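Right, one structure below, let's go through it.
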Amino acid sequence: MNSKYTLLVCDGASCKTTHKANLAAGFKKVIAEKKLGEFVSVVKTGCFGICGQGPIVKVLPDDLLYVSVKQTDIEEIVEEHIKNGNVVKRLLYTDPFTQEPVEKQKGKKIYQKQFRIALRNCGLINPEDITEYIAVRGYEALASVLADKTPIEVVELMKKSKLRGRGGGGFPTGLKWEFTAKQPGNEKYVICNADEGDPGAFMDRSVLEGDPHSVLEAMAIAGYAIGASQGYIYVRAEYPLAIHRLNIAMEQAREYGFLGKNIFSSGFDFDIDIRLGAGAFVCGEETALIHSMEGQRGEPTKKPPFPSVSGFRKKPTSVNNVETFANIPAIVLNGADWFASIGTENSKGTKVFALAGKINNIGLVEVPMGTTLREIIYDIGGGMVNNKEFKAVQSGGPSGGVIPKEHLDTPIDYESLKQIGSMMGSGGLIVLDEDDDIVQLAKFYLDFTQDESCGKCTPCRIGTKRMYEILDRLTKLEGSPDDLDILEDLAVNIKNSALCGLGQSAPNPVLSTMEYFKDEYEAYAYRKVKHTYSIITDKCIGCTKCARVCPVECISGSVKVPHVIDESLCIACGACYTACPVNAIEKP
Amino acid sequence: MKINSRSELVELRKSLSNKITLRESGATTDDTIEILIGMATCGIASGAKDTYNELITVIEDLNLTNVKVISVGCLGYCYMEPTVQVCIPGEEPLLYGKITKDKAFELIEKVIVERVYLSDNLLIRSFDKAGASNE
């Protein structure tokens, strides 16, 4: 016998009436008979919610559930579990899906690996009904800071929680608030950065659409902490549903007095407005975002001065990301220590990832920092489509890089990703398999950044364009081995000299793919690759599937007659290869 | 209705607690059954709006007055959209995926009326959610 046990015995109305069992008394009696009273306490508890299998007994600290416990089982549970420490397997709760007994409740949680803080209410409440948010303790965090804490104490709480910005940079939120709070003057602003621009990322959109009130509440808390009475949400116009729900949420919050004058009779005033962005990638950069909000061109300026000193309308401004805000009410309610207990040493809490690519369970997942890529891809993501070989995962969008197989077991946090040449970014994870062409991938991202470059600084405006041209040349088999050196040189120079985050990180997709997949670049440079796909005539059944998916319409042929690819037009995208049901397409 | 103090807010929350415990664990004191349907942009793009309308039609046709359909945000299972969570009092909430319009009737008939699993569409049990709501 090792530790002290607690038995939580269901005392819900349903179990009591249907089973007429007074299990708690029965347990107490047997425990007394066996003189185990000092090792175990019996607590009556409310309904566990699986009444179909009642009565239920939960054993702590082992955290397992016994179901359909009868008077006659009491003796066995006490003797075996409490006295001898053996689990009574026949009474264990059985997972309805795997049909396997669940030994540990917590084990179940770890098995699922997900831990939801930012997404805690997404999919649980109706975002257009404020009473549902109130039912999950909505606005209580705001009420409690206004009643119990000074603004400085709120800043200290954030610092203690070690929350870091979820937009990608990972700057400590508490410090940002502290800098802004310390600035003189009484005109300050809170801005929520909802300009989610990474291709394939939709974490922020999901939070805004599923739980808009948590963002509003957190912005009000930020306003109180830094001394602002006005907040703005900068959201891209491409998110019409998010904007619609934010507007409804703000209206309802005003009606309940959670926004507006004299919130909770505390004398604190705070309101929020929406500013629509036109969808430029660079406007996710905070100085460019502020300029866009002021009606200027969306171009970044040099930092310092940081927005916390001179931001919106040249006033101290704290710009925080949607997901960062979504964490804040939970931190206030559960405490900084609770939050700081989750995650790795320097990256606390959880991160939401948009999981996409060649993976079975595409989805939005939230995992504690320190979870490995392998756990995300294989345990949560359900592994690779068609059991293909994993090649790499692209993280951090156009600012990040690829993570190859050898780093699958790296625990994910801000530092570890940087160390292996990628970055946290806002949380897009695109999984690549053996069929994916790494150089084409890098070309895709460079095409994106050279297009999205605002044009203000030369390294980014011209440099990314030249990088794209080199990649284009290579993939068309018109490049030369020298191109690889030029490409690398350019990448390093742009990284060191560009004005803002967009330019400084734009070469990352090239640098990291060159580091891990140099051979693929060389194959292009030495023109060793067959450039195009082709159809094996003997195998083709003429189903037309390939012709229908080809984006450049270079596949021709009639129904039930073998098709042909015009190799002069083929862009080697691989769409036909994926679409073919009979493996009649030959890869380059 | 303006809330003026924390105690007023807590009172209001307590009066509303039933609806969330039903969704988190199945515990509730009334007999309302809820079907939550993920209606973020992604869900709607996969047909959640049609499913939503169809569910309401079926519920009206069968005169199931204690069943409510509620639109919620993203449930996170993009590969199984449209996704729904069925919350029946006294049972652990279950998630079902790929509930397209033509599956709506089957879902109501099997899961709500006959109380059996729709095993082809079963996605996952509602997971433990951390954060403000489970304290």
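Naming works like this for the structure tokens: A, B, ... for the chains as they're shown, residue 1 at the start of each chain, ligands 1 onward in shown order.
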### Residue set, region 15-134 of chain B restricted to alpha helix (DSSP H), as a ChimeraX atom specification
/B:15-24,41-45,48-61,104-107
Residue selection dump (N, CA and C atoms) as an mmCIF file, in the first residue's frame:
```
data_model
loop_
_atom_site.group_PDB
_atom_site.id
_atom_site.type_symbol
_atom_site.label_atom_id
_atom_site.label_comp_id
_atom_site.auth_asym_id
_atom_site.auth_seq_id
_atom_site.Cartn_x
_atom_site.Cartn_y
_atom_site.Cartn_z
ATOM 1 N N SER B 15 -27.302 30.222 -12.918
ATOM 2 C CA SER B 15 -28.626 29.906 -13.454
ATOM 3 C C SER B 15 -28.521 29.265 -14.837
ATOM 4 N N LEU B 16 -27.345 29.405 -15.467
ATOM 5 C CA LEU B 16 -27.170 28.890 -16.829
ATOM 6 C C LEU B 16 -26.348 27.603 -16.872
ATOM 7 N N SER B 17 -25.913 27.137 -15.691
ATOM 8 C CA SER B 17 -24.873 26.090 -15.695
ATOM 9 C C SER B 17 -25.343 24.792 -16.343
ATOM 10 N N ASN B 18 -26.661 24.519 -16.299
ATOM 11 C CA ASN B 18 -27.166 23.276 -16.866
ATOM 12 C C ASN B 18 -26.724 23.039 -18.294
ATOM 13 N N LYS B 19 -26.759 24.093 -19.095
ATOM 14 C CA LYS B 19 -26.525 23.866 -20.520
ATOM 15 C C LYS B 19 -25.097 23.436 -20.805
ATOM 16 N N ILE B 20 -24.159 23.892 -19.981
ATOM 17 C CA ILE B 20 -22.784 23.515 -20.271
ATOM 18 C C ILE B 20 -22.441 22.139 -19.695
ATOM 19 N N THR B 21 -22.964 21.807 -18.527
ATOM 20 C CA THR B 21 -22.646 20.479 -17.987
ATOM 21 C C THR B 21 -23.203 19.395 -18.908
ATOM 22 N N LEU B 22 -24.347 19.665 -19.529
ATOM 23 C CA LEU B 22 -24.881 18.686 -20.492
ATOM 24 C C LEU B 22 -23.870 18.448 -21.602
ATOM 25 N N ARG B 23 -23.267 19.526 -22.089
ATOM 26 C CA ARG B 23 -22.345 19.391 -23.224
ATOM 27 C C ARG B 23 -20.999 18.810 -22.811
ATOM 28 N N GLU B 24 -20.611 19.042 -21.548
ATOM 29 C CA GLU B 24 -19.297 18.556 -21.134
ATOM 30 C C GLU B 24 -19.340 17.123 -20.637
ATOM 31 N N THR B 41 -16.596 28.873 -40.844
ATOM 32 C CA THR B 41 -16.505 28.945 -42.304
ATOM 33 C C THR B 41 -16.254 27.569 -42.917
ATOM 34 N N CYS B 42 -15.337 26.835 -42.277
ATOM 35 C CA CYS B 42 -14.945 25.529 -42.814
ATOM 36 C C CYS B 42 -16.122 24.548 -42.798
ATOM 37 N N GLY B 43 -16.886 24.535 -41.711
ATOM 38 C CA GLY B 43 -18.030 23.642 -41.623
ATOM 39 C C GLY B 43 -19.095 24.009 -42.640
ATOM 40 N N ILE B 44 -19.357 25.293 -42.746
ATOM 41 C CA ILE B 44 -20.373 25.768 -43.683
ATOM 42 C C ILE B 44 -19.983 25.404 -45.117
ATOM 43 N N ALA B 45 -18.672 25.544 -45.403
ATOM 44 C CA ALA B 45 -18.203 25.216 -46.747
ATOM 45 C C ALA B 45 -18.420 23.739 -47.067
ATOM 46 N N ALA B 48 -22.490 22.384 -43.706
ATOM 47 C CA ALA B 48 -23.107 22.383 -42.376
ATOM 48 C C ALA B 48 -24.437 23.133 -42.345
ATOM 49 N N LYS B 49 -24.546 24.153 -43.181
ATOM 50 C CA LYS B 49 -25.781 24.941 -43.168
ATOM 51 C C LYS B 49 -26.950 24.075 -43.666
ATOM 52 N N ASP B 50 -26.698 23.282 -44.710
ATOM 53 C CA ASP B 50 -27.748 22.384 -45.215
ATOM 54 C C ASP B 50 -28.112 21.349 -44.153
ATOM 55 N N THR B 51 -27.085 20.815 -43.491
ATOM 56 C CA THR B 51 -27.346 19.844 -42.428
ATOM 57 C C THR B 51 -28.183 20.482 -41.332
ATOM 58 N N TYR B 52 -27.803 21.692 -40.946
ATOM 59 C CA TYR B 52 -28.513 22.425 -39.896
ATOM 60 C C TYR B 52 -29.993 22.557 -40.240
ATOM 61 N N ASN B 53 -30.260 23.026 -41.460
ATOM 62 C CA ASN B 53 -31.659 23.205 -41.876
ATOM 63 C C ASN B 53 -32.397 21.874 -41.906
ATOM 64 N N GLU B 54 -31.709 20.847 -42.404
ATOM 65 C CA GLU B 54 -32.343 19.541 -42.502
ATOM 66 C C GLU B 54 -32.647 18.967 -41.114
ATOM 67 N N LEU B 55 -31.710 19.144 -40.183
ATOM 68 C CA LEU B 55 -31.930 18.649 -38.815
ATOM 69 C C LEU B 55 -33.183 19.290 -38.226
ATOM 70 N N ILE B 56 -33.313 20.593 -38.449
ATOM 71 C CA ILE B 56 -34.475 21.303 -37.894
ATOM 72 C C ILE B 56 -35.767 20.791 -38.532
ATOM 73 N N THR B 57 -35.721 20.565 -39.845
ATOM 74 C CA THR B 57 -36.900 20.037 -40.526
ATOM 75 C C THR B 57 -37.286 18.669 -39.965
ATOM 76 N N VAL B 58 -36.290 17.791 -39.829
ATOM 77 C CA VAL B 58 -36.563 16.440 -39.336
ATOM 78 C C VAL B 58 -37.139 16.492 -37.922
ATOM 79 N N ILE B 59 -36.548 17.344 -37.090
ATOM 80 C CA ILE B 59 -37.009 17.444 -35.700
ATOM 81 C C ILE B 59 -38.456 17.932 -35.656
ATOM 82 N N GLU B 60 -38.773 18.883 -36.528
ATOM 83 C CA GLU B 60 -40.160 19.370 -36.579
ATOM 84 C C GLU B 60 -41.098 18.282 -37.097
ATOM 85 N N ASP B 61 -40.656 17.580 -38.144
ATOM 86 C CA ASP B 61 -41.492 16.520 -38.705
ATOM 87 C C ASP B 61 -41.799 15.437 -37.669
ATOM 88 N N ALA B 104 -28.819 13.456 -42.031
ATOM 89 C CA ALA B 104 -29.474 14.110 -40.900
ATOM 90 C C ALA B 104 -30.600 13.246 -40.327
ATOM 91 N N PHE B 105 -31.424 12.701 -41.222
ATOM 92 C CA PHE B 105 -32.553 11.908 -40.745
ATOM 93 C C PHE B 105 -32.064 10.682 -39.971
ATOM 94 N N GLU B 106 -31.055 10.006 -40.553
ATOM 95 C CA GLU B 106 -30.502 8.816 -39.917
ATOM 96 C C GLU B 106 -29.942 9.140 -38.528
ATOM 97 N N LEU B 107 -29.276 10.271 -38.429
ATOM 98 C CA LEU B 107 -28.687 10.670 -37.147
ATOM 99 C C LEU B 107 -29.777 10.812 -36.089
#
```
### Query
If we count only C-alpha atoms, which residues of chain B reach to within 6 Å of chain A? Please list them as a VMD selection string.
chain B and resid 1 to 6 13 16 to 17 25 to 27 40 71 to 79 90 to 92 129 to 133
### Task
Rounded to one decimal place, report the CA of Glu522 (chain A)-CA of Glu478 (chain A) distance in Å.
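Computed distance, CA of Glu522 (chain A) to CA of Glu478 (chain A), equals 12.6 Å.
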### Task
Within chain B, find each residue whose DSSP state, derived from the backbone, is strand (DSSP E), and express the selection as a PyMOL selection string.
chain B and resi 33-38+67-72+84-87+94-96+122-125
Any chance you could export the current selection's C-alpha atoms as a tab-separated table (two decimals), in the first residue's frame?
```
chain	number	residue	atom	x	y	z
B	33	ILE	CA	-31.27	16.96	-25.93
B	34	GLU	CA	-28.83	19.18	-27.79
B	35	ILE	CA	-27.21	18.73	-31.16
B	36	LEU	CA	-24.24	21.07	-31.57
B	37	ILE	CA	-23.20	21.60	-35.14
B	38	GLY	CA	-19.87	23.14	-36.17
B	67	VAL	CA	-34.35	18.45	-29.16
B	68	LYS	CA	-32.47	21.66	-29.85
B	69	VAL	CA	-30.00	22.33	-32.64
B	70	ILE	CA	-27.29	24.83	-31.78
B	71	SER	CA	-24.72	26.28	-34.10
B	72	VAL	CA	-21.26	26.43	-32.58
B	84	VAL	CA	-21.93	17.44	-34.80
B	85	GLN	CA	-21.87	16.74	-31.09
B	86	VAL	CA	-24.90	14.95	-29.69
B	87	CYS	CA	-25.62	15.70	-26.04
B	94	LEU	CA	-20.46	11.99	-28.65
B	95	LEU	CA	-19.05	13.53	-31.79
B	96	TYR	CA	-20.14	12.42	-35.22
B	122	LEU	CA	-18.65	8.07	-34.96
B	123	LEU	CA	-15.73	10.39	-34.54
B	124	ILE	CA	-14.63	10.69	-30.96
B	125	ARG	CA	-15.94	11.07	-27.49
```
### Query
Do you have the CA of Asp120 (chain B)-CA of Gly382 (chain A) distance handy?
17.1 Å
### Task
Mind checking which residues fall within 6 Å of region 188-197 of chain A, counting only C-alpha atoms, ignoring those fewer than 3 positions away in the same chain, and posting them as a VMD selection string?
chain A and resid 228 230 to 236 281 284 315 to 322
### Message
Give me, as an MDAnalysis selection string, all polymer residues having an atom no more than 10 Å from Pro459 (chain A), counting only C-alpha atoms and skipping those fewer than 3 positions away in the same chain.
### Response
chainID A and resid 455:456 462:466 490:491 493:499 503:504
#### Entry: Proximity to Ala288 (chain A) - best of A:Cys454, A:Val352, A:Ile430, A:Ile130, only C-alpha atoms
A:Cys454
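With CA of Ala24 (chain A) on one side and CA of Thr94 (chain A) on the other, the separation reads 22.6 Å.
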### Message
Using only C-alpha atoms, which protein or nucleic acid residues come within 10 Å of Tyr533 (chain A)? Drop anything in the same chain fewer than 2 positions from it, and give the result as an MDAnalysis selection string.
### Response
chainID A and resid 530:531 535:536 565:567 570:577 585:588
Those residues with N, CA and C atoms, as a short mmCIF file (atom, residue, chain, number, x, y, z; two decimals), in the first residue's frame please?
```cif
data_model
loop_
_atom_site.label_atom_id
_atom_site.label_comp_id
_atom_site.auth_asym_id
_atom_site.auth_seq_id
_atom_site.Cartn_x
_atom_site.Cartn_y
_atom_site.Cartn_z
N LYS A 530 14.07 14.08 -64.32
CA LYS A 530 13.11 14.11 -65.42
C LYS A 530 12.07 15.12 -64.97
N HIS A 531 11.75 16.03 -65.83
CA HIS A 531 11.00 17.18 -65.40
C HIS A 531 9.49 16.94 -65.31
N ILE A 535 2.41 9.14 -68.85
CA ILE A 535 1.41 8.09 -68.65
C ILE A 535 1.92 6.78 -69.25
N ILE A 536 1.81 5.72 -68.46
CA ILE A 536 2.19 4.40 -68.96
C ILE A 536 0.98 3.86 -69.74
N ILE A 565 0.18 12.89 -71.89
CA ILE A 565 0.55 14.17 -71.28
C ILE A 565 1.44 14.93 -72.26
N ASP A 566 1.08 16.18 -72.51
CA ASP A 566 1.94 17.03 -73.32
C ASP A 566 3.06 17.55 -72.42
N GLU A 567 4.24 16.93 -72.53
CA GLU A 567 5.30 17.20 -71.57
C GLU A 567 5.88 18.61 -71.69
N CYS A 570 3.57 20.41 -69.12
CA CYS A 570 3.45 19.86 -67.76
C CYS A 570 4.24 20.70 -66.76
N ILE A 571 3.61 21.02 -65.64
CA ILE A 571 4.31 21.79 -64.60
C ILE A 571 4.75 20.89 -63.45
N ALA A 572 4.59 19.59 -63.63
CA ALA A 572 5.03 18.62 -62.63
C ALA A 572 4.40 18.85 -61.26
N CYS A 573 3.11 19.15 -61.25
CA CYS A 573 2.45 19.41 -59.97
C CYS A 573 2.07 18.12 -59.27
N GLY A 574 1.94 17.03 -60.04
CA GLY A 574 1.62 15.75 -59.42
C GLY A 574 0.14 15.48 -59.19
N ALA A 575 -0.72 16.39 -59.64
CA ALA A 575 -2.15 16.21 -59.41
C ALA A 575 -2.65 14.94 -60.10
N CYS A 576 -2.16 14.68 -61.32
CA CYS A 576 -2.59 13.49 -62.07
C CYS A 576 -2.14 12.23 -61.36
N TYR A 577 -0.93 12.29 -60.80
CA TYR A 577 -0.37 11.13 -60.11
C TYR A 577 -1.25 10.73 -58.94
N ILE A 585 0.47 6.56 -63.87
CA ILE A 585 1.27 7.77 -64.09
C ILE A 585 2.67 7.54 -63.56
N GLU A 586 3.64 7.92 -64.36
CA GLU A 586 5.03 7.77 -63.94
C GLU A 586 5.55 9.10 -63.45
N LYS A 587 6.20 9.05 -62.27
CA LYS A 587 6.71 10.28 -61.67
C LYS A 587 7.96 10.76 -62.41
N PRO A 588 8.27 12.04 -62.30
CA PRO A 588 9.50 12.54 -62.90
C PRO A 588 10.72 11.85 -62.27
#
```
